[in-house]
Structures are given as structure tokens and as C-alpha cells.
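Enquirer: Structure: structure-v9.txt, compact mmCIF, N, CA and C atoms.
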# COMPACT_ATOMS: atom_id res chain seq x y z
N MET A 12 0.82 -1.19 0.00
CA MET A 12 0.00 0.00 0.00
C MET A 12 0.88 1.26 0.00
N ILE A 13 1.94 1.23 0.78
CA ILE A 13 2.86 2.37 0.81
C ILE A 13 3.54 2.53 -0.54
N LEU A 14 3.92 1.42 -1.15
CA LEU A 14 4.56 1.49 -2.47
C LEU A 14 3.65 2.13 -3.50
N LYS A 15 2.35 1.90 -3.39
CA LYS A 15 1.39 2.51 -4.30
C LYS A 15 1.49 4.03 -4.21
N HIS A 16 1.65 4.55 -3.01
CA HIS A 16 1.73 5.99 -2.82
C HIS A 16 3.07 6.56 -3.27
N LEU A 17 4.09 5.73 -3.30
CA LEU A 17 5.40 6.17 -3.75
C LEU A 17 5.53 6.08 -5.26
N GLN A 18 4.69 5.29 -5.88
CA GLN A 18 4.66 5.10 -7.32
C GLN A 18 6.04 4.75 -7.87
N GLY A 19 6.74 3.86 -7.16
CA GLY A 19 8.02 3.36 -7.63
C GLY A 19 9.16 4.36 -7.55
N ASN A 20 9.00 5.44 -6.81
CA ASN A 20 10.02 6.48 -6.75
C ASN A 20 11.01 6.32 -5.60
N VAL A 21 11.09 5.13 -5.01
CA VAL A 21 12.02 4.94 -3.90
C VAL A 21 12.66 3.57 -4.01
N ASP A 22 13.89 3.50 -3.60
CA ASP A 22 14.61 2.23 -3.56
C ASP A 22 14.00 1.39 -2.44
N ALA A 23 13.65 0.17 -2.74
CA ALA A 23 13.01 -0.70 -1.75
C ALA A 23 13.88 -0.87 -0.51
N SER A 24 15.19 -0.76 -0.65
CA SER A 24 16.06 -0.91 0.52
C SER A 24 15.90 0.25 1.50
N ALA A 25 15.30 1.36 1.06
CA ALA A 25 15.05 2.50 1.94
C ALA A 25 13.84 2.27 2.84
N LEU A 26 13.06 1.25 2.53
CA LEU A 26 11.85 0.97 3.30
C LEU A 26 12.20 0.14 4.53
N THR A 27 12.70 0.82 5.53
CA THR A 27 13.04 0.17 6.79
C THR A 27 12.02 0.59 7.84
N PRO A 28 11.88 -0.18 8.91
CA PRO A 28 10.91 0.21 9.95
C PRO A 28 11.17 1.60 10.52
N GLN A 29 12.42 2.04 10.51
CA GLN A 29 12.77 3.34 11.09
C GLN A 29 12.61 4.51 10.13
N ALA A 30 12.40 4.24 8.86
CA ALA A 30 12.26 5.31 7.86
C ALA A 30 10.96 6.07 8.10
N THR A 31 11.06 7.39 8.04
CA THR A 31 9.84 8.20 8.16
C THR A 31 9.20 8.34 6.79
N LEU A 32 7.94 8.70 6.79
CA LEU A 32 7.26 8.92 5.51
C LEU A 32 7.97 10.02 4.73
N LYS A 33 8.41 11.04 5.43
CA LYS A 33 9.13 12.14 4.77
C LYS A 33 10.43 11.63 4.16
N ASP A 34 11.15 10.78 4.91
CA ASP A 34 12.42 10.22 4.42
C ASP A 34 12.26 9.49 3.10
N ILE A 35 11.15 8.80 2.94
CA ILE A 35 10.97 7.98 1.74
C ILE A 35 10.20 8.71 0.64
N GLY A 36 9.95 9.99 0.86
CA GLY A 36 9.39 10.81 -0.20
C GLY A 36 7.88 10.89 -0.26
N VAL A 37 7.21 10.57 0.84
CA VAL A 37 5.75 10.68 0.86
C VAL A 37 5.39 12.12 1.24
N ALA A 38 4.78 12.84 0.32
CA ALA A 38 4.35 14.21 0.58
C ALA A 38 3.19 14.20 1.57
N SER A 39 2.95 15.32 2.22
CA SER A 39 1.94 15.37 3.27
C SER A 39 0.55 14.99 2.76
N LEU A 40 0.18 15.44 1.59
CA LEU A 40 -1.13 15.09 1.05
C LEU A 40 -1.20 13.59 0.76
N ASP A 41 -0.11 13.03 0.25
CA ASP A 41 -0.06 11.59 0.01
C ASP A 41 -0.12 10.81 1.31
N ALA A 42 0.47 11.36 2.37
CA ALA A 42 0.44 10.70 3.68
C ALA A 42 -0.99 10.64 4.21
N VAL A 43 -1.73 11.72 4.04
CA VAL A 43 -3.13 11.73 4.47
C VAL A 43 -3.92 10.70 3.67
N GLU A 44 -3.68 10.65 2.38
CA GLU A 44 -4.35 9.67 1.53
C GLU A 44 -3.98 8.25 1.95
N LEU A 45 -2.74 8.04 2.31
CA LEU A 45 -2.29 6.73 2.78
C LEU A 45 -3.04 6.33 4.04
N ILE A 46 -3.19 7.27 4.97
CA ILE A 46 -3.92 6.99 6.21
C ILE A 46 -5.36 6.59 5.88
N PHE A 47 -6.01 7.33 4.99
CA PHE A 47 -7.38 7.00 4.60
C PHE A 47 -7.44 5.61 3.96
N ASP A 48 -6.47 5.30 3.11
CA ASP A 48 -6.44 3.98 2.47
C ASP A 48 -6.25 2.86 3.48
N LEU A 49 -5.37 3.09 4.47
CA LEU A 49 -5.17 2.08 5.51
C LEU A 49 -6.45 1.88 6.32
N GLU A 50 -7.11 2.98 6.66
CA GLU A 50 -8.37 2.88 7.42
C GLU A 50 -9.41 2.09 6.62
N GLU A 51 -9.52 2.39 5.36
CA GLU A 51 -10.50 1.71 4.52
C GLU A 51 -10.15 0.24 4.34
N HIS A 52 -8.88 -0.04 4.05
CA HIS A 52 -8.45 -1.41 3.80
C HIS A 52 -8.66 -2.31 5.02
N PHE A 53 -8.31 -1.80 6.20
CA PHE A 53 -8.40 -2.60 7.41
C PHE A 53 -9.69 -2.36 8.20
N ASN A 54 -10.55 -1.47 7.69
CA ASN A 54 -11.81 -1.13 8.35
C ASN A 54 -11.57 -0.71 9.81
N ILE A 55 -10.64 0.23 9.97
CA ILE A 55 -10.30 0.78 11.28
C ILE A 55 -10.32 2.30 11.18
N THR A 56 -10.24 2.95 12.33
CA THR A 56 -10.19 4.41 12.36
C THR A 56 -9.02 4.84 13.21
N PHE A 57 -8.18 5.69 12.64
CA PHE A 57 -7.06 6.25 13.40
C PHE A 57 -7.55 7.48 14.16
N PRO A 58 -6.95 7.75 15.31
CA PRO A 58 -7.31 8.99 16.02
C PRO A 58 -6.90 10.21 15.19
N ASP A 59 -7.61 11.30 15.36
CA ASP A 59 -7.30 12.52 14.62
C ASP A 59 -5.89 13.00 14.89
N SER A 60 -5.35 12.68 16.04
CA SER A 60 -3.99 13.11 16.38
C SER A 60 -2.95 12.49 15.44
N ARG A 61 -3.29 11.41 14.76
CA ARG A 61 -2.37 10.76 13.83
C ARG A 61 -1.98 11.72 12.71
N ALA A 62 -2.90 12.56 12.28
CA ALA A 62 -2.62 13.50 11.19
C ALA A 62 -1.55 14.52 11.58
N ASP A 63 -1.45 14.83 12.86
CA ASP A 63 -0.47 15.82 13.31
C ASP A 63 0.96 15.34 13.19
N SER A 64 1.17 14.03 13.15
CA SER A 64 2.53 13.50 13.17
C SER A 64 2.91 12.77 11.89
N LEU A 65 2.14 12.95 10.84
CA LEU A 65 2.35 12.16 9.62
C LEU A 65 3.75 12.24 9.06
N GLY A 66 4.34 13.40 8.99
CA GLY A 66 5.68 13.52 8.41
C GLY A 66 6.75 12.84 9.23
N SER A 67 6.54 12.78 10.54
CA SER A 67 7.55 12.18 11.41
C SER A 67 7.24 10.73 11.75
N ASP A 68 6.08 10.23 11.34
CA ASP A 68 5.76 8.82 11.59
C ASP A 68 6.72 7.92 10.82
N THR A 69 7.18 6.89 11.50
CA THR A 69 8.00 5.89 10.81
C THR A 69 7.08 4.82 10.25
N LEU A 70 7.62 4.00 9.39
CA LEU A 70 6.83 2.89 8.86
C LEU A 70 6.40 1.98 10.00
N GLN A 71 7.27 1.81 11.00
CA GLN A 71 6.91 0.99 12.16
C GLN A 71 5.76 1.63 12.94
N ASP A 72 5.74 2.95 13.04
CA ASP A 72 4.64 3.65 13.71
C ASP A 72 3.32 3.33 13.01
N LEU A 73 3.34 3.31 11.69
CA LEU A 73 2.12 3.00 10.94
C LEU A 73 1.68 1.56 11.16
N VAL A 74 2.64 0.65 11.14
CA VAL A 74 2.32 -0.76 11.40
C VAL A 74 1.72 -0.89 12.79
N ASP A 75 2.34 -0.25 13.77
CA ASP A 75 1.85 -0.32 15.15
C ASP A 75 0.45 0.27 15.26
N ALA A 76 0.19 1.37 14.56
CA ALA A 76 -1.13 2.00 14.60
C ALA A 76 -2.19 1.09 13.97
N VAL A 77 -1.84 0.41 12.89
CA VAL A 77 -2.78 -0.53 12.27
C VAL A 77 -3.06 -1.68 13.21
N VAL A 78 -2.02 -2.24 13.82
CA VAL A 78 -2.20 -3.35 14.75
C VAL A 78 -3.08 -2.92 15.93
N GLN A 79 -2.81 -1.74 16.47
CA GLN A 79 -3.62 -1.24 17.58
C GLN A 79 -5.08 -1.07 17.15
N GLY A 80 -5.28 -0.51 15.96
CA GLY A 80 -6.64 -0.35 15.44
C GLY A 80 -7.36 -1.67 15.29
N LEU A 81 -6.64 -2.69 14.83
CA LEU A 81 -7.24 -4.02 14.68
C LEU A 81 -7.57 -4.63 16.03
N HIS A 82 -6.70 -4.43 17.03
CA HIS A 82 -6.98 -4.92 18.38
C HIS A 82 -8.21 -4.23 18.96
N GLU A 83 -8.30 -2.92 18.79
CA GLU A 83 -9.45 -2.17 19.29
C GLU A 83 -10.73 -2.61 18.60
N LYS A 84 -10.64 -2.86 17.32
CA LYS A 84 -11.80 -3.32 16.56
C LYS A 84 -12.25 -4.69 17.07
N ALA A 85 -11.30 -5.58 17.31
CA ALA A 85 -11.63 -6.92 17.82
C ALA A 85 -12.23 -6.83 19.22
N ALA A 86 -11.68 -5.96 20.07
CA ALA A 86 -12.19 -5.81 21.43
C ALA A 86 -13.62 -5.27 21.41
N ALA A 87 -13.88 -4.33 20.52
CA ALA A 87 -15.22 -3.75 20.42
C ALA A 87 -16.23 -4.77 19.92
N ALA A 88 -15.74 -5.73 19.13
CA ALA A 88 -16.62 -6.78 18.60
C ALA A 88 -16.77 -7.93 19.59
N GLY A 89 -16.09 -7.82 20.72
CA GLY A 89 -16.20 -8.87 21.72
C GLY A 89 -15.22 -10.00 21.53
N GLY A 90 -14.18 -9.77 20.72
CA GLY A 90 -13.23 -10.85 20.47
C GLY A 90 -11.93 -10.52 20.98
Take the structure I supplied and represent it as C-alpha cells, if you would.
Expert:
Amino acid sequence: MILKHLQGNVDASALTPQATLKDIGVASLDAVELIFDLEEHFNITFPDSRADSLGSDTLQDLVDAVVQGLHEKAAAAGG
């Protein structure tokens, strides 16, 4: 999903857990779109505060946020 937003403009070796979206060339508007795509794909909702840190979020931060969203979704569903 992240690669879709980069449109092949980054070396795959740059995609490390510590890389920030800014480091790998994701513009702020693309980062917002990425967040919306992740929410839609995983049927989760990120807190509004996530938008404030988009440029400094690492890829690991995004993975962690998705995992947390999935856990919250499962807990709300009783699982």
C-alpha cells in the first residue's frame, strides 16, 4: 500500500521500519491519503492526532497503529 503511494520512486532498501514517511518521499497530502487507504483497507479508524505526526511517523509507527486499530476493533466486537 505504501509502495502505491510512492509510485516506484524509492529504492526498496530505503523501506526500513525506522524510515519516516518524509524520508521515503511521501508528501503530506499523500500521507493523508495513505492513512485513509489504511483505514478503509483494514476497516479501522485512526485517532485525529495521527494526522499531526504524519511527516515524522515511521513505517513501524504506521504498522503499530494498524495493529492497535485491529486490536481495538476486535475488542469492540467482543473478540
Enquirer: Quick one, how far is CA of Val21 (chain A) from CA of Leu81 (chain A)?
Expert: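 Going from CA of Val21 (chain A) over to CA of Leu81 (chain A) covers 28.2 Å.
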Enquirer: Run DSSP on the backbone and give me the residues of region 19-60 of chain A it puts in alpha helix (DSSP H), as JSON, numbers by chain.
Expert: {"A": [39, 40, 41, 42, 43, 44, 45, 46, 47, 48, 49, 50, 51, 52, 53]}
Enquirer: Between A:Gly89, A:Asp34, A:Gly80, A:Ala23, single out the one closest to Phe57 (chain A), counting all atoms listed in the file.
Expert: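 Nearest candidate to Phe57 (chain A) out of A:Gly89, A:Asp34, A:Gly80, A:Ala23: A:Gly80.
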Enquirer: Which is closer to Gln29 (chain A) than all the others in A:Ala42, A:Val78, A:Leu70, A:Ala87, using only C-alpha atoms?
Expert: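 For Gln29 (chain A), the nearest of the given residues is A:Leu70.
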Enquirer: Enter the distance from CA of Lys15 (chain A) to CA of Pro28 (chain A), in Å, rounded to one decimal.
Expert: 17.3 Å
Enquirer: If you measure from CA of Asp22 (chain A) to atom C of Gln71 (chain A), what distance in Å do you get, rounded to one decimal?
Expert: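 Result for CA of Asp22 (chain A) versus atom C of Gln71 (chain A): 18.7 Å, one decimal.
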Enquirer: I'd like to know which of A:Met12, A:His52, A:Asp68, A:Asp59 is closest to Leu32 (chain A), using only N, CA and C atoms.
Expert: A:Asp68
Enquirer: Which of these, A:Val77, A:Ile55, A:Ile35, A:Leu49, has the shortest distance to Asn20 (chain A) once you count all atoms listed in the file?
Expert: A:Ile35
Enquirer: Fewer than 6 positions away in the same chain doesn't count, so skip those; otherwise give me all residues within 10 Å of Thr31 (chain A), counting only C-alpha atoms, as a ChimeraX atom specification.
Expert: /A:25,37,65-73
